[in-house]
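Asks: Below is the file input-v6.pdb, with PDB, C-alpha atoms.
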```
ATOM      1  CA  GLN A  15      36.991 138.308-160.385
ATOM      2  CA  VAL A  16      38.147 136.375-157.344
ATOM      3  CA  GLN A  17      38.038 132.624-156.752
ATOM      4  CA  VAL A  18      37.861 131.292-153.212
ATOM      5  CA  VAL A  19      38.737 127.777-152.020
ATOM      6  CA  GLU A  20      38.340 126.441-148.480
ATOM      7  CA  SER A  21      39.846 123.380-146.852
ATOM      8  CA  GLY A  22      40.184 121.778-143.438
ATOM      9  CA  GLY A  23      36.696 120.746-142.351
ATOM     10  CA  GLY A  24      35.820 117.364-140.924
ATOM     11  CA  LEU A  25      34.483 115.417-137.969
ATOM     12  CA  VAL A  26      35.786 116.144-134.493
ATOM     13  CA  GLN A  27      34.749 115.235-130.975
ATOM     14  CA  PRO A  28      33.508 117.896-128.537
ATOM     15  CA  GLY A  29      36.450 119.744-127.052
ATOM     16  CA  GLY A  30      38.586 119.124-130.122
ATOM     17  CA  SER A  31      40.154 121.502-132.615
ATOM     18  CA  LEU A  32      40.072 122.133-136.332
ATOM     19  CA  ARG A  33      41.865 124.573-138.595
ATOM     20  CA  LEU A  34      40.125 125.956-141.648
ATOM     21  CA  SER A  35      42.116 127.491-144.472
ATOM     22  CA  CYS A  36      40.960 129.738-147.289
ATOM     23  CA  ALA A  37      42.902 130.868-150.330
ATOM     24  CA  ALA A  38      41.813 133.480-152.838
ATOM     25  CA  SER A  39      43.089 133.832-156.388
ATOM     26  CA  GLY A  40      42.445 136.118-159.313
ATOM     27  CA  ARG A  41      42.082 139.857-158.732
ATOM     28  CA  VAL A  42      43.349 139.542-155.160
ATOM     29  CA  PHE A  43      44.916 143.007-155.096
ATOM     30  CA  GLN A  44      41.406 144.397-154.707
ATOM     31  CA  ILE A  45      40.605 142.396-151.545
ATOM     32  CA  TYR A  46      40.365 144.363-148.321
ATOM     33  CA  ASP A  47      38.319 142.090-146.066
ATOM     34  CA  MET A  48      38.182 138.310-145.536
ATOM     35  CA  GLY A  49      36.170 136.208-143.181
ATOM     36  CA  TRP A  50      34.274 133.063-142.277
ATOM     37  CA  TYR A  51      30.545 132.426-142.038
ATOM     38  CA  ARG A  52      28.663 129.285-141.103
ATOM     39  CA  GLN A  53      25.248 127.935-141.905
ATOM     40  CA  VAL A  54      23.089 125.132-140.585
ATOM     41  CA  PRO A  55      19.962 123.839-142.378
ATOM     42  CA  GLY A  56      16.979 126.105-141.808
ATOM     43  CA  ASN A  57      19.083 129.012-140.574
ATOM     44  CA  GLU A  58      20.615 132.022-142.240
ATOM     45  CA  ARG A  59      24.322 132.187-142.844
ATOM     46  CA  GLU A  60      25.938 133.869-139.831
ATOM     47  CA  LEU A  61      29.229 135.632-139.306
ATOM     48  CA  VAL A  62      31.863 133.713-137.369
ATOM     49  CA  ALA A  63      34.899 135.971-137.750
ATOM     50  CA  ARG A  64      36.365 138.601-140.084
ATOM     51  CA  ILE A  65      39.687 140.346-140.490
ATOM     52  CA  ASN A  66      40.328 143.382-142.650
ATOM     53  CA  ILE A  67      43.486 144.481-144.417
ATOM     54  CA  GLY A  68      44.366 146.705-141.455
ATOM     55  CA  GLY A  69      44.244 143.734-139.099
ATOM     56  CA  THR A  70      41.011 144.644-137.354
ATOM     57  CA  THR A  71      39.004 141.578-136.400
ATOM     58  CA  THR A  72      35.333 140.962-135.702
ATOM     59  CA  ILE A  73      34.515 137.801-133.767
ATOM     60  CA  ALA A  74      31.042 136.447-133.051
ATOM     61  CA  ASP A  75      30.197 136.368-129.334
ATOM     62  CA  SER A  76      29.399 132.657-129.563
ATOM     63  CA  VAL A  77      32.996 131.786-130.478
ATOM     64  CA  LYS A  78      35.017 134.430-128.628
ATOM     65  CA  GLY A  79      37.818 132.915-126.632
ATOM     66  CA  ARG A  80      37.663 129.676-128.663
ATOM     67  CA  PHE A  81      38.176 130.697-132.296
ATOM     68  CA  THR A  82      40.983 132.807-133.737
ATOM     69  CA  ILE A  83      41.172 134.355-137.194
ATOM     70  CA  SER A  84      44.371 135.340-138.958
ATOM     71  CA  GLY A  85      44.934 136.704-142.417
ATOM     72  CA  ASP A  86      47.852 137.142-144.761
ATOM     73  CA  TYR A  87      46.883 139.655-147.413
ATOM     74  CA  ALA A  88      50.213 139.270-149.210
ATOM     75  CA  LYS A  89      49.266 135.626-149.824
ATOM     76  CA  SER A  90      45.483 136.207-149.943
ATOM     77  CA  THR A  91      44.858 133.577-147.285
ATOM     78  CA  VAL A  92      42.791 133.504-144.125
ATOM     79  CA  ILE A  93      42.889 130.904-141.367
ATOM     80  CA  LEU A  94      40.246 130.074-138.779
ATOM     81  CA  GLN A  95      41.635 128.186-135.793
ATOM     82  CA  MET A  96      38.801 126.574-133.884
ATOM     83  CA  ASN A  97      39.427 125.217-130.394
ATOM     84  CA  SER A  98      37.135 123.767-127.739
ATOM     85  CA  LEU A  99      34.610 122.865-130.408
ATOM     86  CA  GLN A 100      31.063 122.180-129.322
ATOM     87  CA  PRO A 101      28.153 120.438-131.104
ATOM     88  CA  GLU A 102      26.548 123.819-131.743
ATOM     89  CA  ASP A 103      29.548 124.738-133.905
ATOM     90  CA  THR A 104      28.437 122.146-136.442
ATOM     91  CA  GLY A 105      27.631 123.554-139.850
ATOM     92  CA  VAL A 106      28.953 124.411-143.274
ATOM     93  CA  TYR A 107      31.672 127.019-143.055
ATOM     94  CA  TYR A 108      32.085 129.446-145.925
ATOM     95  CA  CYS A 109      34.982 131.760-146.690
ATOM     96  CA  ASN A 110      34.030 135.235-147.871
ATOM     97  CA  VAL A 111      36.234 137.900-149.423
ATOM     98  CA  VAL A 112      35.289 141.478-150.179
ATOM     99  CA  GLN A 113      36.857 143.634-152.863
ATOM    100  CA  TYR A 114      36.989 147.396-152.983
ATOM    101  CA  GLY A 115      33.646 148.458-154.381
ATOM    102  CA  GLY A 116      31.815 145.899-152.285
ATOM    103  CA  VAL A 117      32.005 142.881-154.597
ATOM    104  CA  GLN A 118      31.851 139.691-152.551
ATOM    105  CA  SER A 119      33.051 136.206-153.438
ATOM    106  CA  TRP A 120      32.253 132.970-151.611
ATOM    107  CA  GLY A 121      33.896 129.592-151.427
ATOM    108  CA  GLN A 122      32.009 126.354-151.908
ATOM    109  CA  GLY A 123      31.876 125.647-148.170
ATOM    110  CA  THR A 124      33.427 123.013-145.948
ATOM    111  CA  GLN A 125      31.510 120.823-143.501
ATOM    112  CA  VAL A 126      32.394 120.901-139.817
ATOM    113  CA  THR A 127      30.730 118.292-137.624
ATOM    114  CA  VAL A 128      31.244 118.194-133.861
ATOM    115  CA  SER A 129      29.933 114.964-132.421
ATOM    116  CA  SER A 130      30.920 112.158-130.090
TER     117      SER A 130
END
```
Could you express the structure from this file as structure tokens?
Replies:
Amino acid sequence: QVQVVESGGGLVQPGGSLRLSCAASGRVFQIYDMGWYRQVPGNERELVARINIGGTTTIADSVKGRFTISGDYAKSTVILQMNSLQPEDTGVYYCNVVQYGGVQSWGQGTQVTVSS
């Protein structure tokens, strides 16, 4: 079993930056993929960015060039650096980790609000 905790959300003006952090604990040696999703009311949860244990990243087209994901599998942490934030980036951001065998664990979510 893996526990996931996010931090770093908040309120920021358009054009600003935020850094989201995620830390996993428990059976972390089985984790091979970590990433971030976001959700707004009435919509499905959507992928923002992922990074696997080999360092391969997947970035949503809507955030390419503005968001960067980095992961440290030795520490079981993943960081989402968000720059040039826009109102459409507002939502609840969830950290997701995947263990070998396909078991997924989610954090509780952190609110990101982009507004002037």
Asks: From the options A:Pro55, A:Gly40, A:Gly69, A:Gly29, which residue's atoms come nearest to A:Tyr87, counting all atoms listed in the file?
Replies: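 Using all atoms listed in the file, A:Tyr87 sits closest to A:Gly69.
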Asks: What does the PyMOL selection byres ((chain A and resi 96-108) around 6) select in this file, as a list in words?
Replies: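 Against this file, the PyMOL selection byres ((chain A and resi 96-108) around 6) returns the residues Pro28, Gly29, Gly30, Ser31, Leu32, Arg33, Trp50, Tyr51, Arg52, Gln53, Val54, Arg80, Phe81, Gln95, Cys109, Gly121, Gly123, Thr124, Gln125, Val126, Thr127, Val128 and Ser129 of chain A.
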Asks: Using all atoms listed in the file, which of A:Val112, A:Val77, A:Cys36, A:Val18 sits nearest A:Ala63?
Replies: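 For A:Ala63, the nearest of the candidates is A:Val77.
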Asks: Quick one: residues within 12 Å of A:Ile67, only C-alpha atoms, excluding same-chain residues fewer than 3 positions away - as a list of chain:residue names?
Replies: A:Val42, A:Phe43, A:Gln44, A:Ile45, A:Tyr46, A:Asp47, A:Met48, A:Gly49, A:Arg64, A:Thr70, A:Thr71, A:Ser84, A:Gly85, A:Asp86, A:Tyr87, A:Ala88, A:Lys89, A:Ser90, A:Thr91, A:Val92, A:Val111, A:Val112, A:Gln113, A:Tyr114
Asks: Record the distance separating atom CA of A:Ser119 and atom CA of A:Gly23, expressed in Å with one decimal.
Replies: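 Straight-line distance from atom CA of A:Ser119 to atom CA of A:Gly23 works out to 19.4 Å.
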Asks: Hey, can you check how far atom CA of A:Arg41 sits from atom CA of A:Gly116?
Replies: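 According to the coordinates, atom CA of A:Arg41 and atom CA of A:Gly116 are separated by 13.5 Å.
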Asks: Counting all atoms listed in the file, which residue out of A:Lys78, A:Leu94, A:Arg59, A:Asn110 sits closest to A:Gly22?
Replies: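 Nearest candidate to A:Gly22 out of A:Lys78, A:Leu94, A:Arg59, A:Asn110: A:Leu94.
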Asks: Find the distance between atom CA of A:Gly79 and atom CA of A:Ser35 and write it in Å to one decimal.
Replies: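 These atoms are spaced 19.1 Å apart.
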Asks: Save stretch 18-31 of chain A to disk from that block, all heavy atoms included, as a CSV table (one decimal), in the first residue's frame.
Replies:
```
chain,number,residue,atom,x,y,z
A,18,VAL,N,-0.1,8.9,-0.5
A,18,VAL,CA,0.3,10.0,-1.3
A,18,VAL,C,-0.2,11.3,-0.7
A,18,VAL,O,-1.4,11.4,-0.4
A,18,VAL,CB,-0.3,9.8,-2.7
A,18,VAL,CG1,0.2,11.0,-3.6
A,18,VAL,CG2,0.2,8.5,-3.4
A,19,VAL,N,0.7,12.3,-0.6
A,19,VAL,CA,0.4,13.6,0.0
A,19,VAL,C,0.9,14.7,-0.9
A,19,VAL,O,2.1,14.7,-1.3
A,19,VAL,CB,1.0,13.7,1.4
A,19,VAL,CG1,0.7,15.1,2.0
A,19,VAL,CG2,0.5,12.6,2.3
A,20,GLU,N,0.0,15.6,-1.2
A,20,GLU,CA,0.4,16.7,-2.1
A,20,GLU,C,0.5,18.0,-1.2
A,20,GLU,O,-0.2,18.1,-0.2
A,20,GLU,CB,-0.7,17.0,-3.2
A,20,GLU,CG,-1.0,15.8,-4.1
A,20,GLU,CD,-2.4,15.3,-3.8
A,20,GLU,OE1,-2.9,15.4,-2.6
A,20,GLU,OE2,-3.0,14.7,-4.7
A,21,SER,N,1.2,19.0,-1.8
A,21,SER,CA,1.3,20.3,-1.1
A,21,SER,C,1.6,21.3,-2.2
A,21,SER,O,2.1,20.9,-3.3
A,21,SER,CB,2.3,20.3,0.0
A,21,SER,OG,3.6,20.0,-0.5
A,22,GLY,N,1.3,22.6,-1.9
A,22,GLY,CA,1.8,23.7,-2.8
A,22,GLY,C,0.7,24.4,-3.5
A,22,GLY,O,1.1,25.3,-4.3
A,23,GLY,N,-0.5,24.0,-3.4
A,23,GLY,CA,-1.5,24.8,-4.2
A,23,GLY,C,-1.8,26.1,-3.5
A,23,GLY,O,-1.2,26.5,-2.6
A,24,GLY,N,-2.7,26.9,-4.2
A,24,GLY,CA,-3.0,28.2,-3.7
A,24,GLY,C,-3.6,29.1,-4.7
A,24,GLY,O,-4.0,28.7,-5.8
A,25,LEU,N,-3.7,30.4,-4.4
A,25,LEU,CA,-4.2,31.4,-5.3
A,25,LEU,C,-3.1,32.2,-5.9
A,25,LEU,O,-2.2,32.6,-5.2
A,25,LEU,CB,-5.1,32.4,-4.5
A,25,LEU,CG,-5.7,33.6,-5.2
A,25,LEU,CD1,-6.6,33.2,-6.3
A,25,LEU,CD2,-6.4,34.5,-4.2
A,26,VAL,N,-3.1,32.4,-7.2
A,26,VAL,CA,-2.1,33.1,-7.9
A,26,VAL,C,-2.7,33.9,-9.0
A,26,VAL,O,-3.8,33.5,-9.6
A,26,VAL,CB,-1.0,32.1,-8.5
A,26,VAL,CG1,-1.6,31.2,-9.5
A,26,VAL,CG2,0.2,32.9,-9.0
A,27,GLN,N,-2.1,35.0,-9.4
A,27,GLN,CA,-2.6,35.9,-10.4
A,27,GLN,C,-2.2,35.3,-11.8
A,27,GLN,O,-1.2,34.6,-11.9
A,27,GLN,CB,-2.1,37.3,-10.3
A,27,GLN,CG,-2.6,38.0,-9.1
A,27,GLN,CD,-2.2,39.5,-9.1
A,27,GLN,OE1,-1.2,39.9,-9.8
A,27,GLN,NE2,-2.9,40.3,-8.3
A,28,PRO,N,-3.0,35.6,-12.8
A,28,PRO,CA,-2.6,35.1,-14.2
A,28,PRO,C,-1.2,35.6,-14.5
A,28,PRO,O,-0.8,36.7,-14.2
A,28,PRO,CB,-3.6,35.8,-15.1
A,28,PRO,CG,-4.8,36.0,-14.2
A,28,PRO,CD,-4.3,36.3,-12.9
A,29,GLY,N,-0.4,34.6,-15.1
A,29,GLY,CA,1.0,34.9,-15.4
A,29,GLY,C,1.9,34.5,-14.3
A,29,GLY,O,3.2,34.5,-14.5
A,30,GLY,N,1.4,34.1,-13.1
A,30,GLY,CA,2.2,33.7,-12.0
A,30,GLY,C,2.6,32.3,-12.1
A,30,GLY,O,2.3,31.6,-13.0
A,31,SER,N,3.3,31.8,-11.0
A,31,SER,CA,3.9,30.5,-10.9
A,31,SER,C,3.5,29.8,-9.6
A,31,SER,O,3.3,30.5,-8.6
A,31,SER,CB,5.4,30.5,-11.0
A,31,SER,OG,5.8,31.0,-12.3
```
